[in-house]
file final-v7.cif (mmCIF, C-alpha atoms)
data_coords
loop_
_atom_site.label_atom_id
_atom_site.label_comp_id
_atom_site.auth_asym_id
_atom_site.auth_seq_id
_atom_site.Cartn_x
_atom_site.Cartn_y
_atom_site.Cartn_z
CA VAL A 886 56.21 49.76 -31.18
CA THR A 887 54.65 47.56 -28.57
CA ILE A 888 52.29 44.87 -29.60
CA MET A 889 49.69 43.87 -27.05
CA LYS A 890 48.95 40.23 -26.93
CA LYS A 891 45.37 39.32 -26.29
CA GLN A 892 45.19 37.28 -23.11
CA LYS A 893 43.07 34.16 -23.09
CA GLY A 894 41.13 32.94 -20.08
CA PHE A 895 38.74 34.34 -17.54
CA SER A 896 39.09 37.16 -15.10
CA LEU A 897 38.35 36.49 -11.46
CA LEU A 898 35.08 38.41 -11.69
CA GLU A 899 33.90 36.38 -14.68
CA LEU A 900 34.79 33.17 -12.91
CA LEU A 901 32.79 34.18 -9.81
CA ILE A 902 29.77 35.04 -11.96
CA TYR A 903 29.94 31.65 -13.73
CA ILE A 904 30.24 29.81 -10.43
CA ALA A 905 27.24 31.70 -9.00
CA ILE A 906 25.11 30.94 -12.07
CA PHE A 907 26.18 27.27 -12.06
CA GLY A 908 25.44 26.99 -8.31
CA THR A 909 21.96 28.47 -8.80
CA VAL A 910 21.18 26.04 -11.62
CA VAL A 911 22.41 23.05 -9.58
CA LEU A 912 20.39 24.16 -6.54
CA ALA A 913 17.21 24.60 -8.60
CA THR A 914 17.71 21.22 -10.29
CA THR A 915 18.31 19.51 -6.95
CA ASN A 916 15.14 21.01 -5.48
CA VAL A 917 13.11 19.83 -8.48
CA LEU A 918 14.55 16.31 -8.23
CA VAL A 919 13.91 16.08 -4.49
CA THR A 920 10.29 17.19 -5.02
CA VAL A 921 9.81 14.68 -7.84
CA PHE A 922 11.25 11.80 -5.79
CA GLU A 923 9.13 12.68 -2.73
CA GLY A 924 6.03 12.80 -4.92
CA ARG A 925 6.94 9.48 -6.50
CA ASP A 926 7.48 7.85 -3.12
CA SER A 927 4.18 9.20 -1.82
CA THR A 928 2.37 7.95 -4.93
CA ASN A 929 4.01 4.53 -4.57
CA ALA A 930 2.86 4.32 -0.93
CA ARG A 931 -0.73 5.12 -1.91
CA TYR A 932 -0.59 2.65 -4.79
CA GLU A 933 0.80 -0.12 -2.56
CA VAL A 934 -1.94 0.36 0.04
CA THR A 935 -4.70 0.50 -2.58
CA GLN A 936 -3.44 -2.59 -4.41
CA ASN A 937 -3.16 -4.57 -1.16
CA ILE A 938 -6.72 -3.68 -0.16
CA ARG A 939 -8.06 -4.62 -3.58
CA PHE A 940 -6.20 -7.92 -3.77
CA ALA A 941 -6.99 -9.02 -0.21
CA SER A 942 -10.67 -8.07 -0.39
CA GLU A 943 -11.09 -9.81 -3.75
CA LYS A 944 -9.50 -13.00 -2.40
CA ILE A 945 -11.79 -12.94 0.65
CA ARG A 946 -14.82 -12.29 -1.57
CA GLN A 947 -13.91 -15.21 -3.81
CA LEU A 948 -13.38 -17.56 -0.85
CA VAL A 949 -16.76 -16.70 0.68
CA TYR A 950 -18.58 -16.74 -2.65
CA ASP A 951 -17.23 -20.21 -3.53
CA ALA A 952 -17.56 -21.66 -0.01
CA SER A 953 -20.10 -24.34 0.80
CA SER A 954 -19.94 -22.99 4.35
CA PHE A 955 -17.99 -20.52 6.44
CA THR A 956 -17.58 -19.77 10.12
CA VAL A 957 -16.12 -16.92 12.13
CA SER A 958 -14.31 -17.72 15.36
CA GLY A 959 -11.87 -16.19 17.81
CA ALA A 960 -11.87 -13.00 19.78
CA CYS A 961 -12.25 -9.53 18.36
CA PRO A 962 -10.63 -7.48 17.05
CA PHE A 963 -8.50 -10.15 15.32
CA ASN A 964 -10.92 -12.98 14.77
CA VAL A 965 -10.63 -15.72 12.14
CA LEU A 966 -12.61 -16.66 9.04
CA GLU A 967 -12.79 -20.34 8.05
CA THR A 968 -14.22 -21.30 4.67
CA THR A 969 -14.91 -24.77 3.33
CA ILE A 970 -14.67 -25.34 -0.42
CA SER A 971 -15.00 -28.92 -1.73
CA GLY A 972 -14.11 -30.29 1.71
CA ALA A 973 -10.93 -28.20 2.02
CA THR A 974 -10.76 -25.62 4.78
CA THR A 975 -9.07 -22.26 4.28
CA THR A 976 -8.47 -19.95 7.22
CA VAL A 977 -8.11 -16.18 6.82
CA ALA A 978 -6.65 -14.08 9.63
CA ILE A 979 -4.35 -11.19 10.44
CA ASN A 980 -1.11 -12.51 11.92
CA ASN A 981 1.63 -10.06 12.97
CA GLY A 982 0.27 -7.37 10.66
CA VAL A 983 -0.05 -9.69 7.66
CA LEU A 984 -3.43 -10.73 6.29
CA GLN A 985 -2.94 -14.34 5.29
CA THR A 986 -4.65 -17.57 4.30
CA VAL A 987 -3.79 -21.04 5.56
CA SER A 988 -4.97 -23.99 3.49
CA ALA A 989 -3.72 -27.58 3.73
CA GLY A 990 -0.76 -26.38 5.79
CA ASN A 991 0.27 -23.79 3.21
CA THR A 992 0.37 -20.17 4.35
CA ASN A 993 -0.06 -17.45 1.75
CA ALA A 994 0.15 -13.73 2.44
CA LEU A 995 -2.67 -11.61 1.05
CA THR A 996 -0.76 -8.43 1.87
CA SER A 997 2.82 -7.51 1.02
CA ASP A 998 5.63 -6.80 3.45
CA LEU A 999 5.41 -3.10 2.52
CA VAL A 1000 2.13 -2.71 4.44
CA THR A 1001 0.58 -3.62 7.78
CA ALA A 1002 -2.95 -4.99 8.14
CA THR A 1003 -5.01 -4.17 11.25
CA SER A 1004 -8.58 -4.13 12.43
CA THR A 1005 -10.45 -0.85 12.06
CA SER A 1006 -10.90 0.97 15.36
CA GLY A 1007 -10.80 -2.26 17.38
CA ASN A 1008 -13.76 -3.75 15.49
CA CYS A 1009 -13.96 -7.40 14.52
CA VAL A 1010 -12.30 -8.11 11.20
CA PHE A 1011 -15.00 -10.67 10.26
CA ILE A 1012 -18.69 -10.74 11.20
CA LYS A 1013 -21.01 -13.51 10.03
CA ILE A 1014 -24.55 -12.34 9.40
CA SER A 1015 -27.09 -15.15 9.61
CA ASN A 1016 -30.03 -14.18 7.44
CA PRO A 1017 -33.42 -15.91 7.64
CA LEU A 1018 -34.12 -18.41 4.87
CA PRO A 1019 -34.22 -18.23 1.89
CA ALA A 1020 -31.51 -15.55 2.12
CA LYS A 1021 -27.89 -16.66 1.92
CA PRO A 1022 -25.40 -16.39 4.77
CA THR A 1023 -23.43 -13.16 4.54
CA LEU A 1024 -19.99 -12.08 5.73
CA GLN A 1025 -19.07 -8.54 6.63
CA PHE A 1026 -15.35 -7.85 6.77
CA GLN A 1027 -13.44 -4.73 7.60
CA PHE A 1028 -9.76 -4.03 7.96
CA ALA A 1029 -7.23 -1.26 7.46
CA ILE A 1030 -3.96 -1.30 5.54
CA SER A 1031 -1.14 1.11 6.46
CA TYR A 1032 2.04 1.72 4.53
CA ASN A 1033 5.22 0.87 6.45
CA ASP A 1034 6.56 4.42 6.35
CA LYS A 1035 9.66 3.70 8.50
CA GLY A 1036 9.23 7.04 10.26
CA ASN A 1037 8.93 9.14 7.10
CA GLN A 1038 5.84 11.29 7.69
CA GLN A 1039 5.46 12.01 3.96
CA LEU A 1040 4.91 8.29 3.34
CA LYS A 1041 2.31 7.92 6.08
CA PHE A 1042 -0.75 6.58 4.29
CA SER A 1043 -3.49 4.14 5.19
CA ASP A 1044 -6.89 3.13 3.92
CA SER A 1045 -9.63 0.81 5.09
CA ILE A 1046 -12.42 -1.26 3.64
CA LYS A 1047 -15.75 -2.38 5.02
CA THR A 1048 -17.87 -4.54 2.78
CA THR A 1049 -20.33 -7.43 2.76
CA ILE A 1050 -20.37 -10.55 0.60
CA SER A 1051 -22.88 -13.40 0.30
CA GLN A 1052 -22.30 -17.02 -0.53
CA ARG A 1053 -23.19 -18.23 -3.99
CA GLN A 1054 -25.21 -21.29 -2.91
#

call {"tool": "encode", "arguments": {"input": "final-v7.cif", "output": "structure tokens"}}
result
Amino acid sequence: VTIMKKQKGFSLLELLIYIAIFGTVVLATTNVLVTVFEGRDSTNARYEVTQNIRFASEKIRQLVYDASSFTVSGACPFNVLETTISGATTTVAINNGVLQTVSAGNTNALTSDLVTATSTSGNCVFIKISNPLPAKPTLQFQFAISYNDKGNQQLKFSDSIKTTISQRQ
């Protein structure tokens, strides 16, 4: 009488099937994760550009609105805005791709290092519009913000703004 012992373990065929199924699941999961991360990075680039435009334009609006006077000087496309508020002068300009303010020797960036600020199509960044009295002086400003994509075409995103603001006085 021979007693057959039941062998434990996997046959080679079963092992190959498990490896194929596991490989397919890993490949599908990897593709999903890559797609999610690319979408997240693209969304972050758009968000960064939008937030920089909003912040910079709001700061410029506030400076002009509160100013007792403002002037525009320099050559286009990268000219300079100078505002005077309570005797203090603040200068706004694009310097090496950064939109910044200079006031009392202090330089503050209006845009982050994740973006680059430029003029739009070679136009002046700032244009002063002198309206006949009793209308208030008005400033038109326009600039573009581009995400620093570092060569990644999927992160290539830019936006621009063109708007006009009047002084409060």

call {"tool": "closest_residue", "arguments": {"input": "final-v7.cif", "among": "A:Asn1008, A:Thr968, A:Ser896, A:Thr1003", "to": "Arg946 of chain A", "atoms": "all atoms listed in the file"}}
result
A:Thr968

call {"tool": "resolve_selection", "arguments": {"input": "final-v7.cif", "expression": "the PyMOL selection byres ((chain A and resi 999) around 8)", "output": "count of residues only"}}
result
7

call {"tool": "atom_distance", "arguments": {"input": "final-v7.cif", "atom1": "atom CA of Ala1020 of chain A", "atom2": "atom CA of Ala952 of chain A"}}
result
15.4 Å

call {"tool": "resolve_selection", "arguments": {"input": "final-v7.cif", "expression": "the PyMOL selection byres ((chain A and resi 938) around 12)", "output": "JSON, numbers by chain"}}
result
{"A": [931, 932, 933, 934, 935, 936, 937, 939, 940, 941, 942, 943, 944, 945, 946, 983, 984, 995, 996, 997, 1000, 1001, 1002, 1003, 1026, 1027, 1028, 1029, 1030, 1031, 1032, 1043, 1044, 1045, 1046, 1047, 1048]}

call {"tool": "atom_distance", "arguments": {"input": "final-v7.cif", "atom1": "atom CA of Gln1025 of chain A", "atom2": "atom CA of Thr928 of chain A"}}
result
29.4 Å
